[in-house]
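Chemist: Handing over work-v6.txt, compact mmCIF, C-alpha atoms.
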# COMPACT_ATOMS: atom_id res chain seq x y z
CA MET A 1 -49.22 -88.21 -249.11
CA LEU A 2 -50.45 -90.24 -246.16
CA ALA A 3 -51.96 -87.91 -243.55
CA LYS A 4 -51.29 -87.95 -239.83
CA ARG A 5 -54.45 -89.05 -238.04
CA ILE A 6 -56.38 -87.36 -235.21
CA ILE A 7 -58.37 -89.87 -233.18
CA PRO A 8 -60.86 -88.89 -230.47
CA CYS A 9 -61.25 -91.65 -227.89
CA LEU A 10 -64.53 -92.30 -226.15
CA ASP A 11 -64.56 -94.34 -222.95
CA VAL A 12 -68.01 -95.85 -222.65
CA LYS A 13 -69.59 -97.01 -219.40
CA ASP A 14 -73.29 -97.91 -219.07
CA GLY A 15 -73.89 -96.49 -222.56
CA LYS A 16 -72.39 -93.07 -221.71
CA THR A 17 -69.05 -91.47 -222.54
CA VAL A 18 -66.83 -90.91 -219.53
CA LYS A 19 -63.34 -89.56 -219.08
CA GLY A 20 -61.11 -89.21 -216.08
CA THR A 21 -57.55 -88.26 -215.27
CA ASN A 22 -54.86 -90.83 -214.54
CA PHE A 23 -57.44 -93.58 -215.04
CA VAL A 24 -59.66 -92.48 -212.10
CA ASN A 25 -62.22 -89.75 -211.25
CA LEU A 26 -64.73 -90.48 -214.00
CA ARG A 27 -66.81 -87.57 -215.30
CA GLU A 28 -69.73 -87.93 -217.72
CA ALA A 29 -69.40 -86.51 -221.21
CA GLY A 30 -72.49 -87.57 -223.18
CA ASP A 31 -73.94 -90.02 -225.72
CA PRO A 32 -71.11 -91.84 -227.55
CA VAL A 33 -72.92 -92.09 -230.89
CA GLU A 34 -73.85 -88.39 -230.91
CA LEU A 35 -70.30 -87.47 -229.95
CA GLY A 36 -68.88 -89.80 -232.61
CA VAL A 37 -71.05 -88.30 -235.34
CA ARG A 38 -70.08 -84.80 -234.24
CA TYR A 39 -66.37 -85.67 -234.30
CA SER A 40 -66.56 -87.28 -237.73
CA GLN A 41 -68.33 -84.18 -239.08
CA GLN A 42 -65.63 -81.99 -237.54
CA GLY A 43 -62.89 -83.91 -239.34
CA ALA A 44 -61.81 -86.70 -236.96
CA ASP A 45 -59.91 -89.34 -238.96
CA GLU A 46 -60.91 -92.34 -236.88
CA LEU A 47 -62.66 -93.01 -233.59
CA VAL A 48 -61.85 -95.33 -230.72
CA PHE A 49 -64.58 -96.58 -228.38
CA LEU A 50 -63.39 -98.27 -225.22
CA ASP A 51 -65.88 -100.47 -223.42
CA ILE A 52 -65.12 -100.02 -219.74
CA THR A 53 -68.25 -101.80 -218.52
CA ALA A 54 -67.84 -105.00 -216.59
CA SER A 55 -70.82 -107.33 -216.58
CA HIS A 56 -72.01 -109.72 -219.24
CA GLU A 57 -75.37 -107.92 -219.53
CA GLU A 58 -73.63 -104.60 -220.11
CA ARG A 59 -71.43 -106.22 -222.78
CA LYS A 60 -74.50 -107.24 -224.75
CA THR A 61 -75.78 -103.67 -224.53
CA PHE A 62 -72.41 -102.47 -225.76
CA THR A 63 -72.61 -104.70 -228.87
CA GLU A 64 -75.93 -103.04 -229.71
CA LEU A 65 -74.19 -99.68 -229.28
CA VAL A 66 -71.45 -100.78 -231.73
CA LYS A 67 -74.16 -101.51 -234.31
CA ARG A 68 -75.64 -98.05 -233.72
CA ILE A 69 -72.16 -96.51 -234.17
CA ALA A 70 -71.60 -98.40 -237.43
CA THR A 71 -75.00 -97.38 -238.72
CA ASN A 72 -74.39 -93.70 -238.13
CA ILE A 73 -70.68 -93.15 -238.67
CA ASN A 74 -68.88 -93.06 -242.01
CA ILE A 75 -65.24 -93.16 -240.83
CA PRO A 76 -63.29 -96.11 -239.38
CA PHE A 77 -63.61 -96.99 -235.72
CA THR A 78 -61.86 -99.27 -233.27
CA ILE A 79 -63.45 -101.06 -230.35
CA GLY A 80 -61.45 -101.94 -227.26
CA GLY A 81 -62.15 -103.29 -223.81
CA GLY A 82 -63.38 -106.66 -222.65
CA ILE A 83 -62.06 -108.66 -225.60
CA ASN A 84 -61.12 -112.04 -224.18
CA GLU A 85 -61.37 -114.46 -227.07
CA LEU A 86 -61.69 -114.72 -230.82
CA ALA A 87 -65.49 -114.96 -230.55
CA ASP A 88 -65.55 -111.43 -229.05
CA VAL A 89 -63.61 -110.13 -232.05
CA ASP A 90 -65.97 -111.87 -234.46
CA ARG A 91 -68.99 -110.42 -232.62
CA LEU A 92 -67.62 -106.85 -232.69
CA LEU A 93 -66.51 -106.97 -236.33
CA ASN A 94 -69.92 -108.35 -237.28
CA ALA A 95 -71.52 -105.47 -235.41
CA GLY A 96 -69.59 -103.15 -237.75
CA ALA A 97 -66.29 -102.37 -235.98
CA ASP A 98 -63.29 -101.93 -238.29
CA LYS A 99 -60.60 -102.79 -235.76
CA VAL A 100 -60.36 -104.18 -232.26
CA SER A 101 -57.88 -103.18 -229.63
CA VAL A 102 -56.53 -105.80 -227.23
CA ASN A 103 -54.62 -104.90 -224.09
CA SER A 104 -54.82 -107.02 -220.89
CA THR A 105 -55.90 -110.11 -222.84
CA ALA A 106 -52.88 -109.90 -225.14
CA ILE A 107 -50.49 -109.65 -222.19
CA ARG A 108 -52.08 -112.71 -220.58
CA ASN A 109 -52.33 -114.60 -223.88
CA PRO A 110 -50.06 -113.10 -226.58
CA GLN A 111 -51.17 -115.75 -229.09
CA ILE A 112 -54.54 -114.02 -229.42
CA ILE A 113 -52.77 -111.37 -231.53
CA THR A 114 -51.69 -114.04 -234.01
CA GLU A 115 -55.15 -115.60 -233.99
CA ILE A 116 -56.85 -112.27 -234.72
CA ALA A 117 -54.33 -111.47 -237.47
CA LYS A 118 -54.72 -114.89 -239.06
CA ASN A 119 -58.50 -114.89 -238.97
CA PHE A 120 -59.28 -111.27 -239.76
CA GLY A 121 -56.04 -109.67 -241.00
CA SER A 122 -53.32 -107.72 -239.16
CA GLN A 123 -55.04 -104.40 -239.91
CA VAL A 124 -57.88 -105.42 -237.57
CA CYS A 125 -55.59 -105.94 -234.57
CA VAL A 126 -54.52 -102.91 -232.55
CA CYS A 127 -52.32 -103.84 -229.62
CA ALA A 128 -52.93 -101.30 -226.86
CA ILE A 129 -50.24 -100.89 -224.24
CA ASP A 130 -50.61 -98.93 -220.99
CA ALA A 131 -47.18 -98.26 -219.54
CA ASN A 132 -45.84 -96.27 -216.61
CA PHE A 133 -42.27 -94.95 -216.41
CA GLU A 134 -40.91 -95.88 -212.99
CA ASN A 135 -37.37 -96.48 -211.73
CA GLY A 136 -36.00 -95.95 -215.23
CA VAL A 137 -38.23 -98.60 -216.85
CA TRP A 138 -41.49 -98.41 -218.84
CA SER A 139 -43.57 -101.09 -217.09
CA CYS A 140 -46.73 -102.40 -218.75
CA TYR A 141 -50.00 -102.53 -216.81
CA THR A 142 -53.24 -104.42 -217.35
CA SER A 143 -56.86 -103.93 -216.28
CA GLY A 144 -57.04 -100.20 -216.97
CA GLY A 145 -53.80 -99.41 -215.17
CA ARG A 146 -54.52 -101.42 -212.03
CA ASN A 147 -52.13 -104.37 -212.31
CA LYS A 148 -48.43 -104.10 -212.96
CA THR A 149 -46.93 -106.85 -215.13
CA ASP A 150 -43.36 -107.96 -215.77
CA LYS A 151 -43.57 -106.78 -219.39
CA GLU A 152 -41.41 -103.87 -220.53
CA LEU A 153 -42.85 -101.48 -223.13
CA PHE A 154 -40.31 -101.75 -225.95
CA ARG A 155 -39.81 -105.50 -225.75
CA TRP A 156 -43.55 -106.13 -225.55
CA ALA A 157 -44.31 -103.78 -228.47
CA LYS A 158 -41.72 -105.58 -230.62
CA GLU A 159 -43.15 -108.95 -229.61
CA ALA A 160 -46.68 -107.75 -230.46
CA GLU A 161 -45.47 -106.65 -233.90
CA ASN A 162 -43.84 -110.04 -234.49
CA LEU A 163 -47.04 -111.79 -233.40
CA GLY A 164 -49.00 -109.92 -236.08
CA ALA A 165 -50.36 -106.71 -234.53
CA GLY A 166 -51.27 -104.12 -237.16
CA GLU A 167 -50.79 -101.04 -234.95
CA ILE A 168 -49.56 -100.15 -231.48
CA LEU A 169 -51.65 -97.81 -229.33
CA PHE A 170 -49.30 -96.65 -226.59
CA THR A 171 -50.73 -94.81 -223.57
CA SER A 172 -48.28 -93.27 -221.17
CA MET A 173 -49.90 -93.51 -217.74
CA ASN A 174 -47.54 -90.81 -216.47
CA HIS A 175 -48.85 -88.41 -219.11
CA ASP A 176 -52.51 -89.50 -219.24
CA GLY A 177 -54.89 -86.72 -218.18
CA VAL A 178 -52.04 -84.43 -217.11
CA LYS A 179 -52.23 -82.34 -220.31
CA THR A 180 -48.56 -81.44 -220.51
CA GLY A 181 -47.84 -83.20 -223.82
CA TYR A 182 -47.29 -86.73 -225.07
CA ALA A 183 -44.42 -89.08 -224.09
CA ASN A 184 -42.49 -88.05 -227.21
CA GLU A 185 -39.16 -89.61 -226.35
CA ALA A 186 -40.61 -93.09 -225.79
CA LEU A 187 -42.91 -92.67 -228.81
CA CYS A 188 -40.02 -91.74 -231.08
CA LYS A 189 -38.08 -94.79 -229.93
CA LEU A 190 -41.11 -97.03 -230.55
CA SER A 191 -41.69 -95.54 -233.97
CA GLU A 192 -38.09 -96.07 -235.02
CA MET A 193 -38.01 -99.62 -233.66
CA LEU A 194 -41.21 -100.86 -235.29
CA SER A 195 -42.46 -101.07 -238.84
CA ILE A 196 -46.16 -100.79 -237.95
CA PRO A 197 -48.01 -97.52 -237.23
CA ILE A 198 -47.92 -96.03 -233.71
CA ILE A 199 -50.92 -94.29 -232.16
CA ALA A 200 -49.87 -91.94 -229.35
CA SER A 201 -52.10 -91.56 -226.33
CA GLY A 202 -51.97 -89.67 -223.07
CA GLY A 203 -51.02 -86.06 -222.43
CA ALA A 204 -52.75 -83.83 -225.00
CA GLY A 205 -53.61 -80.44 -223.53
CA LYS A 206 -52.71 -77.87 -226.19
CA MET A 207 -52.55 -77.85 -230.00
CA GLU A 208 -48.75 -77.64 -229.80
CA HIS A 209 -48.73 -81.06 -228.16
CA PHE A 210 -50.22 -82.57 -231.31
CA ARG A 211 -47.61 -80.91 -233.49
CA ASP A 212 -44.84 -82.18 -231.21
CA VAL A 213 -46.14 -85.75 -231.09
CA PHE A 214 -45.95 -85.90 -234.88
CA THR A 215 -42.64 -84.08 -235.33
CA GLN A 216 -40.72 -85.16 -232.20
CA GLY A 217 -42.65 -88.30 -231.25
CA LYS A 218 -42.85 -89.46 -234.90
CA ALA A 219 -46.31 -90.88 -234.20
CA ASP A 220 -48.58 -91.86 -237.08
CA ALA A 221 -51.72 -90.91 -235.18
CA ALA A 222 -52.59 -89.00 -232.03
CA LEU A 223 -55.40 -90.00 -229.74
CA ALA A 224 -57.03 -87.72 -227.19
CA ALA A 225 -60.24 -87.58 -225.18
CA SER A 226 -60.99 -84.82 -222.72
CA VAL A 227 -59.60 -81.92 -224.78
CA PHE A 228 -62.19 -82.84 -227.42
CA HIS A 229 -65.05 -83.88 -225.11
CA PHE A 230 -64.95 -80.70 -223.07
CA GLY A 231 -64.50 -78.47 -226.10
CA GLU A 232 -61.03 -77.26 -225.15
CA ILE A 233 -59.76 -77.99 -228.66
CA ALA A 234 -61.99 -78.11 -231.73
CA ILE A 235 -60.80 -80.66 -234.30
CA LYS A 236 -61.25 -78.21 -237.17
CA ASP A 237 -59.05 -75.60 -235.43
CA LEU A 238 -56.49 -78.27 -234.58
CA LYS A 239 -56.25 -79.38 -238.21
CA ASP A 240 -55.94 -75.80 -239.45
CA TYR A 241 -53.17 -75.25 -236.90
CA LEU A 242 -51.32 -78.45 -237.90
CA LYS A 243 -51.50 -77.49 -241.59
CA ARG A 244 -49.93 -74.12 -240.75
CA GLU A 245 -47.21 -76.01 -238.87
CA ASN A 246 -46.56 -78.13 -241.99
CA VAL A 247 -47.96 -81.35 -240.55
CA ASN A 248 -49.77 -83.24 -243.30
CA VAL A 249 -53.37 -83.71 -242.17
CA ARG A 250 -56.63 -84.29 -243.99
CA MET B 1 -82.80 -99.88 -258.50
CA ASN B 2 -81.79 -103.35 -257.38
CA ILE B 3 -78.34 -103.25 -255.76
CA VAL B 4 -76.73 -106.45 -254.55
CA ILE B 5 -73.76 -106.70 -252.19
CA ILE B 6 -72.02 -110.03 -252.66
CA LYS B 7 -71.92 -111.94 -249.39
CA TYR B 8 -68.93 -114.19 -248.92
CA ASN B 9 -66.39 -115.01 -246.20
CA ALA B 10 -65.02 -111.49 -245.98
CA GLY B 11 -65.51 -108.85 -243.35
CA ASN B 12 -66.86 -105.34 -243.58
CA ILE B 13 -70.08 -106.14 -245.44
CA PHE B 14 -72.16 -104.54 -242.66
CA SER B 15 -70.33 -101.23 -243.17
CA VAL B 16 -70.92 -101.25 -246.93
CA GLU B 17 -74.60 -102.06 -246.42
CA HIS B 18 -74.97 -99.17 -244.01
CA ALA B 19 -73.11 -96.75 -246.25
CA PHE B 20 -75.80 -97.35 -248.86
CA LYS B 21 -78.54 -97.02 -246.23
CA ARG B 22 -77.18 -93.56 -245.40
CA LEU B 23 -77.66 -92.76 -249.12
CA GLY B 24 -81.24 -93.99 -248.86
CA ILE B 25 -80.55 -97.25 -250.73
CA GLU B 26 -81.57 -100.65 -249.36
CA ALA B 27 -79.03 -103.04 -250.89
CA LEU B 28 -79.57 -106.79 -250.79
CA VAL B 29 -76.74 -108.75 -249.17
CA THR B 30 -76.62 -112.21 -250.70
CA GLY B 31 -74.36 -114.97 -251.98
CA ASP B 32 -77.13 -116.31 -254.23
CA LYS B 33 -75.77 -116.55 -257.77
CA GLU B 34 -79.09 -115.95 -259.52
CA LEU B 35 -79.89 -112.86 -257.43
CA ILE B 36 -76.39 -111.51 -258.12
CA GLN B 37 -76.77 -112.08 -261.86
CA LYS B 38 -80.18 -110.38 -261.90
CA ALA B 39 -79.07 -107.26 -259.98
CA ASP B 40 -78.89 -103.84 -261.67
CA LYS B 41 -75.58 -103.14 -259.93
CA VAL B 42 -73.27 -105.34 -257.91
CA ILE B 43 -70.91 -104.46 -255.05
CA PHE B 44 -68.00 -106.81 -254.35
CA PRO B 45 -66.63 -105.65 -250.97
CA GLY B 46 -63.92 -107.21 -248.93
CA VAL B 47 -61.57 -107.24 -246.01
CA GLY B 48 -59.61 -110.44 -245.58
CA GLU B 49 -56.89 -112.65 -247.00
CA ALA B 50 -56.66 -113.29 -250.75
CA SER B 51 -55.92 -117.02 -251.02
CA SER B 52 -58.50 -118.20 -248.44
CA THR B 53 -61.10 -115.89 -249.94
CA MET B 54 -60.41 -117.19 -253.47
CA LYS B 55 -60.80 -120.76 -252.18
CA TYR B 56 -64.18 -119.81 -250.76
CA LEU B 57 -65.26 -118.18 -254.03
CA GLN B 58 -64.17 -121.31 -255.92
CA SER B 59 -66.04 -123.61 -253.54
CA THR B 60 -69.26 -121.66 -254.09
CA GLY B 61 -68.85 -121.16 -257.86
CA LEU B 62 -68.88 -117.37 -257.41
CA ASP B 63 -65.45 -117.32 -259.12
CA LYS B 64 -67.25 -118.18 -262.39
CA VAL B 65 -70.15 -115.79 -261.83
CA ILE B 66 -68.35 -112.55 -260.98
CA PRO B 67 -66.09 -112.22 -264.10
CA ASN B 68 -69.09 -112.85 -266.35
CA LEU B 69 -71.34 -110.17 -264.88
CA THR B 70 -72.44 -107.61 -267.48
CA GLN B 71 -73.98 -104.94 -265.21
CA PRO B 72 -71.79 -102.34 -263.43
CA VAL B 73 -69.72 -103.99 -260.69
CA LEU B 74 -67.80 -102.15 -257.96
CA GLY B 75 -65.00 -104.00 -256.16
CA ILE B 76 -63.72 -102.57 -252.89
CA CYS B 77 -60.26 -103.17 -251.35
CA LEU B 78 -59.76 -106.96 -251.29
CA GLY B 79 -62.60 -107.11 -253.83
CA MET B 80 -60.49 -105.05 -256.23
CA GLN B 81 -57.41 -107.20 -255.63
CA LEU B 82 -59.40 -110.40 -256.27
CA MET B 83 -60.52 -108.94 -259.62
CA CYS B 84 -56.87 -109.00 -260.83
CA THR B 85 -55.06 -112.04 -262.25
CA HIS B 86 -52.87 -112.98 -259.29
CA SER B 87 -52.05 -111.85 -255.74
CA GLU B 88 -48.80 -112.31 -253.87
CA GLU B 89 -50.92 -112.70 -250.73
CA GLY B 90 -50.97 -116.46 -250.28
CA ASN B 91 -49.82 -116.83 -253.93
CA ALA B 92 -53.44 -116.73 -255.05
CA GLY B 93 -54.74 -117.08 -258.59
CA CYS B 94 -57.55 -114.52 -258.83
CA LEU B 95 -60.54 -113.71 -261.05
CA GLY B 96 -58.60 -112.20 -263.96
CA ILE B 97 -60.93 -109.32 -264.74
CA PHE B 98 -58.12 -106.74 -264.69
CA PRO B 99 -55.00 -108.07 -266.50
CA THR B 100 -52.61 -107.00 -263.76
CA GLU B 101 -51.05 -108.44 -260.61
CA VAL B 102 -51.22 -107.60 -256.90
CA LYS B 103 -47.90 -107.16 -255.13
CA ARG B 104 -46.83 -106.65 -251.53
CA PHE B 105 -45.55 -103.23 -250.50
CA ILE B 106 -41.82 -103.15 -249.85
CA ALA B 107 -40.87 -100.18 -247.68
CA GLN B 108 -38.00 -98.12 -249.08
CA LYS B 109 -37.55 -95.96 -245.98
CA HIS B 110 -38.19 -96.62 -242.32
CA GLU B 111 -41.11 -94.16 -242.15
CA GLU B 112 -42.92 -96.16 -244.82
CA LYS B 113 -44.88 -98.54 -242.66
CA VAL B 114 -46.90 -101.46 -243.95
CA PRO B 115 -49.91 -101.68 -243.96
CA HIS B 116 -50.60 -98.41 -245.76
CA MET B 117 -53.19 -97.27 -243.24
CA GLY B 118 -55.06 -94.02 -243.06
CA TRP B 119 -56.16 -91.11 -245.26
CA ASN B 120 -54.33 -90.41 -248.49
CA ASN B 121 -55.18 -88.15 -251.44
CA ILE B 122 -56.22 -89.48 -254.86
CA TYR B 123 -55.33 -87.72 -258.09
CA GLU B 124 -55.61 -88.06 -261.88
CA VAL B 125 -59.13 -89.34 -261.29
CA LYS B 126 -61.06 -90.57 -264.34
CA THR B 127 -64.23 -92.50 -265.25
CA PRO B 128 -67.80 -91.70 -264.14
CA LEU B 129 -66.98 -93.09 -260.68
CA PHE B 130 -65.17 -89.85 -259.96
CA ASP B 131 -66.01 -86.26 -260.79
CA SER B 132 -63.62 -83.34 -260.98
CA ARG B 133 -64.48 -82.30 -257.40
CA LEU B 134 -62.91 -85.54 -256.21
CA GLU B 135 -59.45 -84.67 -257.56
CA ASN B 136 -56.96 -84.49 -254.69
CA GLN B 137 -59.45 -85.47 -251.97
CA PHE B 138 -58.55 -87.73 -249.07
CA VAL B 139 -59.94 -91.26 -248.82
CA TYR B 140 -59.31 -94.08 -246.35
CA PHE B 141 -56.91 -96.93 -247.17
CA VAL B 142 -55.96 -100.07 -245.22
CA HIS B 143 -53.88 -102.56 -247.20
CA SER B 144 -50.50 -104.27 -247.45
CA TYR B 145 -50.76 -105.26 -251.12
CA TYR B 146 -51.16 -102.92 -254.09
CA VAL B 147 -51.80 -102.79 -257.83
CA ALA B 148 -49.17 -100.91 -259.87
CA LEU B 149 -50.18 -98.17 -262.30
CA CYS B 150 -51.51 -99.69 -265.54
CA GLU B 151 -53.72 -98.86 -268.52
CA HIS B 152 -56.81 -99.50 -266.35
CA THR B 153 -55.81 -97.15 -263.52
CA ALA B 154 -58.76 -94.84 -262.80
CA ALA B 155 -57.22 -92.93 -259.87
CA THR B 156 -53.70 -92.70 -258.47
CA THR B 157 -52.36 -92.33 -254.97
CA ASN B 158 -48.81 -92.19 -253.68
CA TYR B 159 -47.40 -94.32 -250.89
CA ILE B 160 -43.89 -95.73 -251.27
CA GLN B 161 -44.61 -95.24 -254.98
CA PRO B 162 -47.55 -94.04 -257.08
CA PHE B 163 -50.03 -96.93 -257.52
CA SER B 164 -53.63 -97.63 -258.56
CA ALA B 165 -56.15 -96.22 -256.09
CA ALA B 166 -58.90 -97.30 -258.50
CA LEU B 167 -59.28 -99.42 -261.63
CA HIS B 168 -61.80 -99.45 -264.48
CA LYS B 169 -62.36 -101.79 -267.40
CA ASP B 170 -65.66 -102.06 -269.30
CA ASN B 171 -68.42 -102.58 -266.70
CA PHE B 172 -65.96 -103.29 -263.87
CA TYR B 173 -64.95 -100.57 -261.41
CA ALA B 174 -62.83 -101.01 -258.31
CA THR B 175 -61.29 -98.97 -255.52
CA GLN B 176 -58.33 -99.93 -253.33
CA PHE B 177 -59.61 -97.54 -250.66
CA HIS B 178 -62.80 -97.90 -248.65
CA PRO B 179 -65.46 -95.46 -249.91
CA GLU B 180 -67.79 -96.72 -247.16
CA LYS B 181 -65.28 -95.45 -244.58
CA SER B 182 -64.18 -92.29 -246.38
CA GLY B 183 -66.67 -89.84 -244.92
CA ASP B 184 -68.63 -87.55 -247.24
CA ILE B 185 -66.09 -88.00 -250.07
CA GLY B 186 -66.59 -91.77 -250.00
CA GLU B 187 -70.35 -91.39 -250.00
CA ARG B 188 -70.09 -89.18 -253.10
CA ILE B 189 -68.10 -91.91 -254.86
CA LEU B 190 -70.73 -94.54 -253.98
CA LYS B 191 -73.44 -92.15 -255.19
CA ASN B 192 -71.54 -91.66 -258.47
CA PHE B 193 -71.41 -95.43 -258.92
CA ILE B 194 -75.16 -95.70 -258.42
CA GLU B 195 -76.09 -92.69 -260.55
CA ASN B 196 -73.41 -92.42 -263.24
CA CYS B 197 -71.77 -95.79 -263.87
Any chance you could put this one into structure tokens?

Modeler:
Amino acid sequence: MLAKRIIPCLDVKDGKTVKGTNFVNLREAGDPVELGVRYSQQGADELVFLDITASHEERKTFTELVKRIATNINIPFTIGGGINELADVDRLLNAGADKVSVNSTAIRNPQIITEIAKNFGSQVCVCAIDANFENGVWSCYTSGGRNKTDKELFRWAKEAENLGAGEILFTSMNHDGVKTGYANEALCKLSEMLSIPIIASGGAGKMEHFRDVFTQGKADAALAASVFHFGEIAIKDLKDYLKRENVNVR
Amino acid sequence: MNIVIIKYNAGNIFSVEHAFKRLGIEALVTGDKELIQKADKVIFPGVGEASSTMKYLQSTGLDKVIPNLTQPVLGICLGMQLMCTHSEEGNAGCLGIFPTEVKRFIAQKHEEKVPHMGWNNIYEVKTPLFDSRLENQFVYFVHSYYVALCEHTAATTNYIQPFSAALHKDNFYATQFHPEKSGDIGERILKNFIENC
């Protein structure tokens, strides 16, 4: 039976892992490759590395980091951040990434989803969506939560699926870093609407939150960062807990 | 031992190369027909689309070389699908090593999403590629097309229906899942291929 996936997410800036709350207040959390190896040994099912560096020089450094990740890690990993064109996807896949995640670029140019799917296969293309629930609407944001767009979560997710996205990675900005659980209601609606897997992001604080995101949120995978980076939840303990709660995990 | 990874227009070759490096094996990545024919063991990896990949193999003549190899060959994911007779993906005629067809998953229930993506357990494992410790272990799959159970099925997994997680016929072995992405379990399968097949 297909297992629910646990995915640690590593935000990388200047070669180091960082993590903040509500997209600000960055704190350092260590070498991304070392962390990635540790997580894979502890039973992580996949890893996500987000490149939150800005300059061209730093991007080149990041590609070298992707190669180092691929050399050392024996589970699948996704790279996100700073993907503007097909050439970026080609460069990252050639450096050893299994999937790429597009967010702001896809909102600006939805056709890139189709281009990635056509050239490299749908499974390569994760469409990441950052959305904030405000005035009764889930509004999508770009540029790491800085710019509000006129896209609405459910319509945009459906459009992304139709364009060829292989997975949706939905981050609730309201829940991100708050540690009171995932946005299960919105996740459940997304999961029932779409026929591609949903990765839930934003809100993990306790092991119960992971159980709930799979049972109530109907997510296929759960992503989290700080609870893993700061040792609040060990992946092995989390998996043992989920097995006891009858969630099918590896 | 001289291990060759066939280089063609498919992704993921870097990962396969590095999986062998982690086992202490320097594999040669090449599309050169002579080097492929001379290898002790051949890996036919793949992530991509069936019909465009078959066109590429035909344009390079590799479509004639691969089915006639006599040393142990391991196909991975798309590599396995291309070793069958036909794929519904792009209505592609394939290499015809395994006398079976590749079909697209059709979800029966809403929860059954396509692609089949993630970790699933394999069972009824046979052939030297697997050992008894691999029964019921989790490996990593990413695919929208599958091979039904058949006389050449070497491992089974269940998603929407039971299907072939691995195939074996004569010197040809193949896995639908990605051993190079399946953690320690995957590395054991690659090691078995090198040491026991």

Chemist: Restricting the calculation to all atoms listed in the file, which member of A:Ile199, A:Ala183, A:Ala106, A:Ala160 is positioned closest to chain B?

Modeler: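 Once distances to chain B are computed over all atoms listed in the file, the minimum belongs to A:Ile199.
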
Chemist: Write out as a Markdown table the residues of chain A that have any atom within 10 Å of an atom of chain B, one row each with the nearest atom pair and its distance in Å to one decimal, counting all atoms listed in the file, sorted by chain and then rising number.

Modeler:
| residue | atom | partner | partner_atom | distance |
| --- | --- | --- | --- | --- |
| A:Met1 | CA | B:Asn120 | CA | 5.6 |
| A:Leu2 | CA | B:Asn120 | CA | 4.5 |
| A:Ala3 | CA | B:Trp119 | CA | 5.6 |
| A:Lys4 | CA | B:Gly118 | CA | 7.8 |
| A:Arg5 | CA | B:Gly118 | CA | 7.1 |
| A:Ser40 | CA | B:Gly183 | CA | 7.6 |
| A:Gln41 | CA | B:Gly183 | CA | 8.3 |
| A:Gly43 | CA | B:Gly183 | CA | 9.0 |
| A:Ala44 | CA | B:Gly183 | CA | 9.8 |
| A:Asp45 | CA | B:Trp119 | CA | 7.5 |
| A:Glu46 | CA | B:Gly118 | CA | 8.7 |
| A:Lys67 | CA | B:Phe14 | CA | 9.1 |
| A:Ala70 | CA | B:Ser15 | CA | 6.5 |
| A:Thr71 | CA | B:His18 | CA | 5.6 |
| A:Asn72 | CA | B:Arg22 | CA | 7.8 |
| A:Ile73 | CA | B:Gly183 | CA | 8.1 |
| A:Asn74 | CA | B:Gly183 | CA | 4.9 |
| A:Ile75 | CA | B:Lys181 | CA | 4.4 |
| A:Pro76 | CA | B:Lys181 | CA | 5.6 |
| A:Phe77 | CA | B:Lys181 | CA | 9.1 |
| A:Asp90 | CA | B:Gly11 | CA | 9.4 |
| A:Leu93 | CA | B:Gly11 | CA | 7.3 |
| A:Asn94 | CA | B:Phe14 | CA | 7.0 |
| A:Ala95 | CA | B:Phe14 | CA | 7.3 |
| A:Gly96 | CA | B:Phe14 | CA | 5.7 |
| A:Ala97 | CA | B:Asn12 | CA | 8.2 |
| A:Asp98 | CA | B:Asn12 | CA | 7.2 |
| A:Ala117 | CA | B:Gly48 | CA | 9.7 |
| A:Lys118 | CA | B:Glu49 | CA | 8.5 |
| A:Asn119 | CA | B:Gly48 | CA | 8.0 |
| A:Phe120 | CA | B:Gly48 | CA | 5.9 |
| A:Gly121 | CA | B:Gly48 | CA | 5.9 |
| A:Ser122 | CA | B:Pro115 | CA | 8.4 |
| A:Gln123 | CA | B:Val142 | CA | 6.9 |
| A:Val124 | CA | B:Val47 | CA | 9.4 |
| A:Gly166 | CA | B:Pro115 | CA | 7.4 |
| A:Glu167 | CA | B:Pro115 | CA | 9.1 |
| A:Ser191 | CA | B:Glu111 | CA | 8.3 |
| A:Glu192 | CA | B:His110 | CA | 7.3 |
| A:Met193 | CA | B:His110 | CA | 9.2 |
| A:Leu194 | CA | B:Lys113 | CA | 8.6 |
| A:Ser195 | CA | B:Lys113 | CA | 5.2 |
| A:Ile196 | CA | B:Lys113 | CA | 5.4 |
| A:Pro197 | CA | B:Lys113 | CA | 6.3 |
| A:Ile198 | CA | B:Lys113 | CA | 9.8 |
| A:Lys218 | CA | B:Glu111 | CA | 8.8 |
| A:Asp220 | CA | B:Gly118 | CA | 9.1 |
| A:Ala221 | CA | B:Gly118 | CA | 9.1 |
| A:Asn248 | CA | B:Asn120 | CA | 10.0 |
| A:Val249 | CA | B:Trp119 | CA | 8.5 |
| A:Arg250 | CA | B:Phe138 | CA | 6.4 |

Chemist: What is the distance, in Å and to one decimal place, between atom CA of Phe44 of chain B and atom CA of Ile5 of chain B?

Modeler: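 One can read the atom CA of Phe44 of chain B to atom CA of Ile5 of chain B distance as 6.2 Å.
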
Chemist: Using all atoms listed in the file, can you tell me which of A:Val12, A:Met173, A:Val66, A:Leu86 comes closest to Lys148 of chain A?

Modeler: A:Met173

Chemist: Expressed in Å to a single decimal, how great is the separation between atom CA of Ala200 of chain A and atom CA of Pro162 of chain B?

Modeler: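 Atom CA of Pro162 of chain B lies 27.9 Å from atom CA of Ala200 of chain A.
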
Chemist: Quick one: residues within 12 Å of segment 25-36 of chain B, all atoms listed in the file counted, chain neighbours fewer than 4 positions away excluded, as a VMD selection string?

Modeler: chain B and resid 1 to 10 12 to 21 40 to 45 56 to 57 60 to 73 187 190 to 191 194 to 195
